[in-house]
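Data from structure.cif: mmCIF, C-alpha atoms and all ligand atoms
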```
data_work
#
loop_
_atom_site.label_atom_id
_atom_site.label_comp_id
_atom_site.auth_asym_id
_atom_site.auth_seq_id
_atom_site.Cartn_x
_atom_site.Cartn_y
_atom_site.Cartn_z
CA MET A 1 -18.91 26.54 20.14
CA SER A 2 -17.42 23.06 19.67
CA THR A 3 -15.55 22.58 16.38
CA ASP A 4 -13.34 19.87 14.86
CA PRO A 5 -10.32 21.30 13.00
CA HIS A 6 -10.35 18.35 10.56
CA CYS A 7 -14.06 18.61 9.74
CA ILE A 8 -14.96 20.13 6.35
CA PHE A 9 -18.33 21.39 7.58
CA CYS A 10 -16.69 23.10 10.59
CA LYS A 11 -14.36 24.75 8.04
CA ILE A 12 -17.41 25.87 6.04
CA ILE A 13 -18.93 27.35 9.22
CA GLU A 14 -15.70 29.25 9.84
CA ASN A 15 -15.45 30.37 6.20
CA VAL A 16 -12.14 28.55 5.75
CA ILE A 17 -13.86 26.63 2.95
CA PRO A 18 -16.22 28.77 0.83
CA SER A 19 -19.85 27.78 0.37
CA SER A 20 -23.05 29.16 -1.05
CA ARG A 21 -24.90 30.12 2.14
CA VAL A 22 -28.66 30.53 2.13
CA TYR A 23 -29.44 30.90 5.87
CA GLU A 24 -27.54 31.41 9.10
CA ASP A 25 -28.30 32.08 12.75
CA ASP A 26 -26.49 31.45 16.06
CA GLU A 27 -27.17 27.70 16.00
CA VAL A 28 -27.68 26.63 12.40
CA LEU A 29 -26.16 27.16 8.93
CA VAL A 30 -27.69 26.22 5.57
CA PHE A 31 -25.69 26.07 2.34
CA LYS A 32 -26.03 24.54 -1.12
CA ASP A 33 -24.69 21.02 -1.63
CA ILE A 34 -21.63 21.13 -3.89
CA HIS A 35 -22.87 18.10 -5.86
CA PRO A 36 -26.64 18.59 -6.04
CA SER A 37 -28.78 15.47 -6.39
CA ALA A 38 -31.92 17.48 -7.21
CA PRO A 39 -32.73 21.00 -8.47
CA VAL A 40 -32.99 22.08 -4.81
CA HIS A 41 -30.31 20.47 -2.62
CA LEU A 42 -29.47 22.24 0.62
CA LEU A 43 -27.60 21.07 3.71
CA VAL A 44 -28.84 22.15 7.15
CA ILE A 45 -26.15 21.80 9.81
CA PRO A 46 -25.74 22.69 13.49
CA LYS A 47 -22.90 25.15 14.10
CA ARG A 48 -21.73 22.95 16.97
CA HIS A 49 -19.80 19.90 15.78
CA ILE A 50 -21.99 16.81 16.30
CA THR A 51 -20.74 13.74 14.42
CA GLY A 52 -24.14 12.40 13.41
CA LEU A 53 -27.72 11.64 14.41
CA SER A 54 -26.66 8.50 16.28
CA ALA A 55 -24.46 10.68 18.53
CA VAL A 56 -27.08 13.22 19.62
CA GLN A 57 -27.91 13.72 23.29
CA ALA A 58 -30.75 15.33 25.22
CA ALA A 59 -28.83 18.62 25.25
CA ASP A 60 -29.07 18.71 21.45
CA GLN A 61 -32.87 18.78 21.45
CA GLN A 62 -33.09 22.53 20.88
CA VAL A 63 -30.79 22.61 17.85
CA LEU A 64 -32.43 19.50 16.36
CA GLY A 65 -35.80 21.25 16.52
CA LYS A 66 -34.28 24.37 15.01
CA MET A 67 -32.88 22.33 12.10
CA MET A 68 -36.38 21.06 11.28
CA LEU A 69 -37.93 24.52 11.45
CA VAL A 70 -35.18 26.02 9.31
CA ALA A 71 -35.39 23.16 6.78
CA SER A 72 -39.07 23.89 6.23
CA GLN A 73 -38.41 27.60 5.73
CA VAL A 74 -35.37 27.32 3.42
CA ALA A 75 -37.10 24.69 1.28
CA LYS A 76 -40.03 27.02 0.66
CA ASP A 77 -37.72 30.00 0.15
CA ALA A 78 -35.84 27.95 -2.49
CA GLY A 79 -39.09 27.42 -4.40
CA SER A 80 -40.15 24.04 -3.00
CA THR A 81 -43.65 25.21 -2.16
CA ASP A 82 -45.24 21.95 -3.37
CA GLY A 83 -43.21 19.64 -1.16
CA PHE A 84 -39.65 18.46 -0.60
CA ARG A 85 -37.70 15.68 1.13
CA THR A 86 -35.33 15.67 4.09
CA ILE A 87 -32.65 13.00 4.56
CA ILE A 88 -30.18 12.45 7.40
CA ASN A 89 -27.62 9.77 6.54
CA ASP A 90 -26.00 8.16 9.58
CA GLY A 91 -22.96 5.93 9.84
CA ARG A 92 -21.88 3.07 7.58
CA VAL A 93 -25.33 1.68 6.78
CA GLY A 94 -26.73 5.17 6.20
CA ARG A 95 -23.78 5.89 3.86
CA GLN A 96 -22.76 9.02 5.76
CA ASP A 97 -19.71 10.63 4.11
CA VAL A 98 -19.25 13.78 6.20
CA PHE A 99 -19.22 13.19 9.94
CA HIS A 100 -20.79 16.49 10.97
CA LEU A 101 -24.55 16.11 11.40
CA HIS A 102 -26.42 17.42 8.36
CA MET A 103 -29.92 17.28 6.98
CA HIS A 104 -30.28 17.16 3.20
CA VAL A 105 -33.22 19.20 1.86
CA LEU A 106 -34.16 18.03 -1.63
CA GLY A 107 -36.77 19.50 -3.92
CA GLY A 108 -38.19 19.38 -7.45
CA PRO A 109 -40.00 21.07 -9.23
CA THR A 110 -40.81 17.57 -10.56
CA PRO A 111 -41.45 14.81 -7.96
CA LEU A 112 -38.39 12.99 -6.64
CA GLY A 113 -37.80 9.24 -6.92
CA ARG A 114 -39.60 7.09 -4.37
CA MET A 115 -37.68 6.55 -1.11
CA ILE A 116 -34.41 4.58 -1.41
CA ALA A 117 -32.68 1.90 -3.47
CA MET A 118 -30.83 -0.92 -1.73
CA ASP A 119 -27.19 -1.33 -2.66
CA ASP A 120 -25.46 -4.66 -3.31
CA LYS A 121 -22.06 -3.14 -2.58
CA THR A 122 -20.58 -3.95 0.85
P1 LIG A 201 -23.58 12.51 3.27
O1 LIG A 201 -23.25 11.47 2.23
O2 LIG A 201 -22.53 12.56 4.36
O3 LIG A 201 -24.98 12.41 3.79
O4 LIG A 201 -23.58 13.89 2.50
C1 LIG A 201 -22.49 14.75 2.43
C2 LIG A 201 -22.83 15.81 1.41
O5 LIG A 201 -21.91 16.87 1.54
C3 LIG A 201 -22.74 15.31 -0.03
O6 LIG A 201 -23.99 15.46 -0.67
C4 LIG A 201 -21.65 16.20 -0.65
O7 LIG A 201 -21.94 16.55 -1.99
C5 LIG A 201 -21.63 17.40 0.28
N1 LIG A 201 -20.34 18.04 0.38
C6 LIG A 201 -19.14 17.42 0.63
N2 LIG A 201 -18.14 18.32 0.66
C7 LIG A 201 -18.72 19.53 0.44
C8 LIG A 201 -18.18 20.86 0.36
O8 LIG A 201 -16.99 21.11 0.51
N3 LIG A 201 -19.08 21.86 0.11
C9 LIG A 201 -20.42 21.62 -0.05
N4 LIG A 201 -21.20 22.67 -0.29
N5 LIG A 201 -20.96 20.37 0.03
C10 LIG A 201 -20.11 19.35 0.26
ZN ZN A 202 -17.74 19.66 12.17
#
```
What does the file become when written as structure tokens?
Ligand code: 5GP
Ligand code: ZN
Amino acid sequence: MSTDPHCIFCKIIENVIPSSRVYEDDEVLVFKDIHPSAPVHLLVIPKRHITGLSAVQAADQQVLGKMMLVASQVAKDAGSTDGFRTIINDGRVGRQDVFHLHMHVLGGPTPLGRMIAMDDKT
């Protein structure tokens, strides 16, 4: 399993940094975001270190599919039975902060804001 010793999400996978885990299998881990942006805010990550969505390759197809399946299940298990949102931020324009691929799963109960806001900051 490929890991990056400087990556905080690799450290979460290895339990060096504690997290509130909600799902785990051989390929994927899901834990609660430390600074939730919605009542449900989970992060779905591959256990293998992949820097971001722009870096994925054909060999990652299986784990990418797994992330989607797991996102659907954990969202419903967390109470988001009436819908939720997934977000993958990538790179500078996508405002990615942690360079280990992760899918945000965000849920209500009340409806979320519509899509995104543009940012004047450079
Ligand atoms: P990004 O901006 O890269 O899409 O999202 C990174 C997310 O990781 C942020 O929502 C942030 O709150 C979350 N995060 C950063 N460090 C930690 C941590 O140590 N533990 C947990 N649970 N979440 C973290
Ligand atoms: Zn990593």
Name all residues at most 8 Å from segment 112-114 of chain A (count only C-alpha atoms; drop same-chain ones fewer than 3 positions away) and give them as JSON, numbers by chain. {"A": [38, 107, 108]}
Using only C-alpha atoms, the best pick from A:Val28, A:Leu101, A:Val22, A:Ile12 as closest to Lys47 of chain A would be A:Val28
Around ligand ZN 202 (chain A), at most 6 Å away and counting only C-alpha atoms and all ligand atoms, which residues are there? Put them as a list of chain:residue names, please. A:Thr3, A:Asp4, A:Cys7, A:Phe9, A:Cys10, A:His49, A:His100
Contacts of Thr86 of chain A within 8 Å, all atoms listed in the file, excl. fewer than 4 positions in-chain, as an NGL selection string: :A and (71 or 103-106)
Which residue of A:Met67, A:Val30, A:Met115, A:Ile88 approaches ligand LIG 201 (chain A) most closely, using only C-alpha atoms and all ligand atoms: A:Ile88
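Closest to Gln96 of chain A among A:Ser54, A:His41, A:Lys11, A:Val16 is A:Ser54, based on only C-alpha atoms.
Coordinates place atom CA of Ile116 of chain A at a distance of 13.2 Å from atom CA of Ser37 of chain A.
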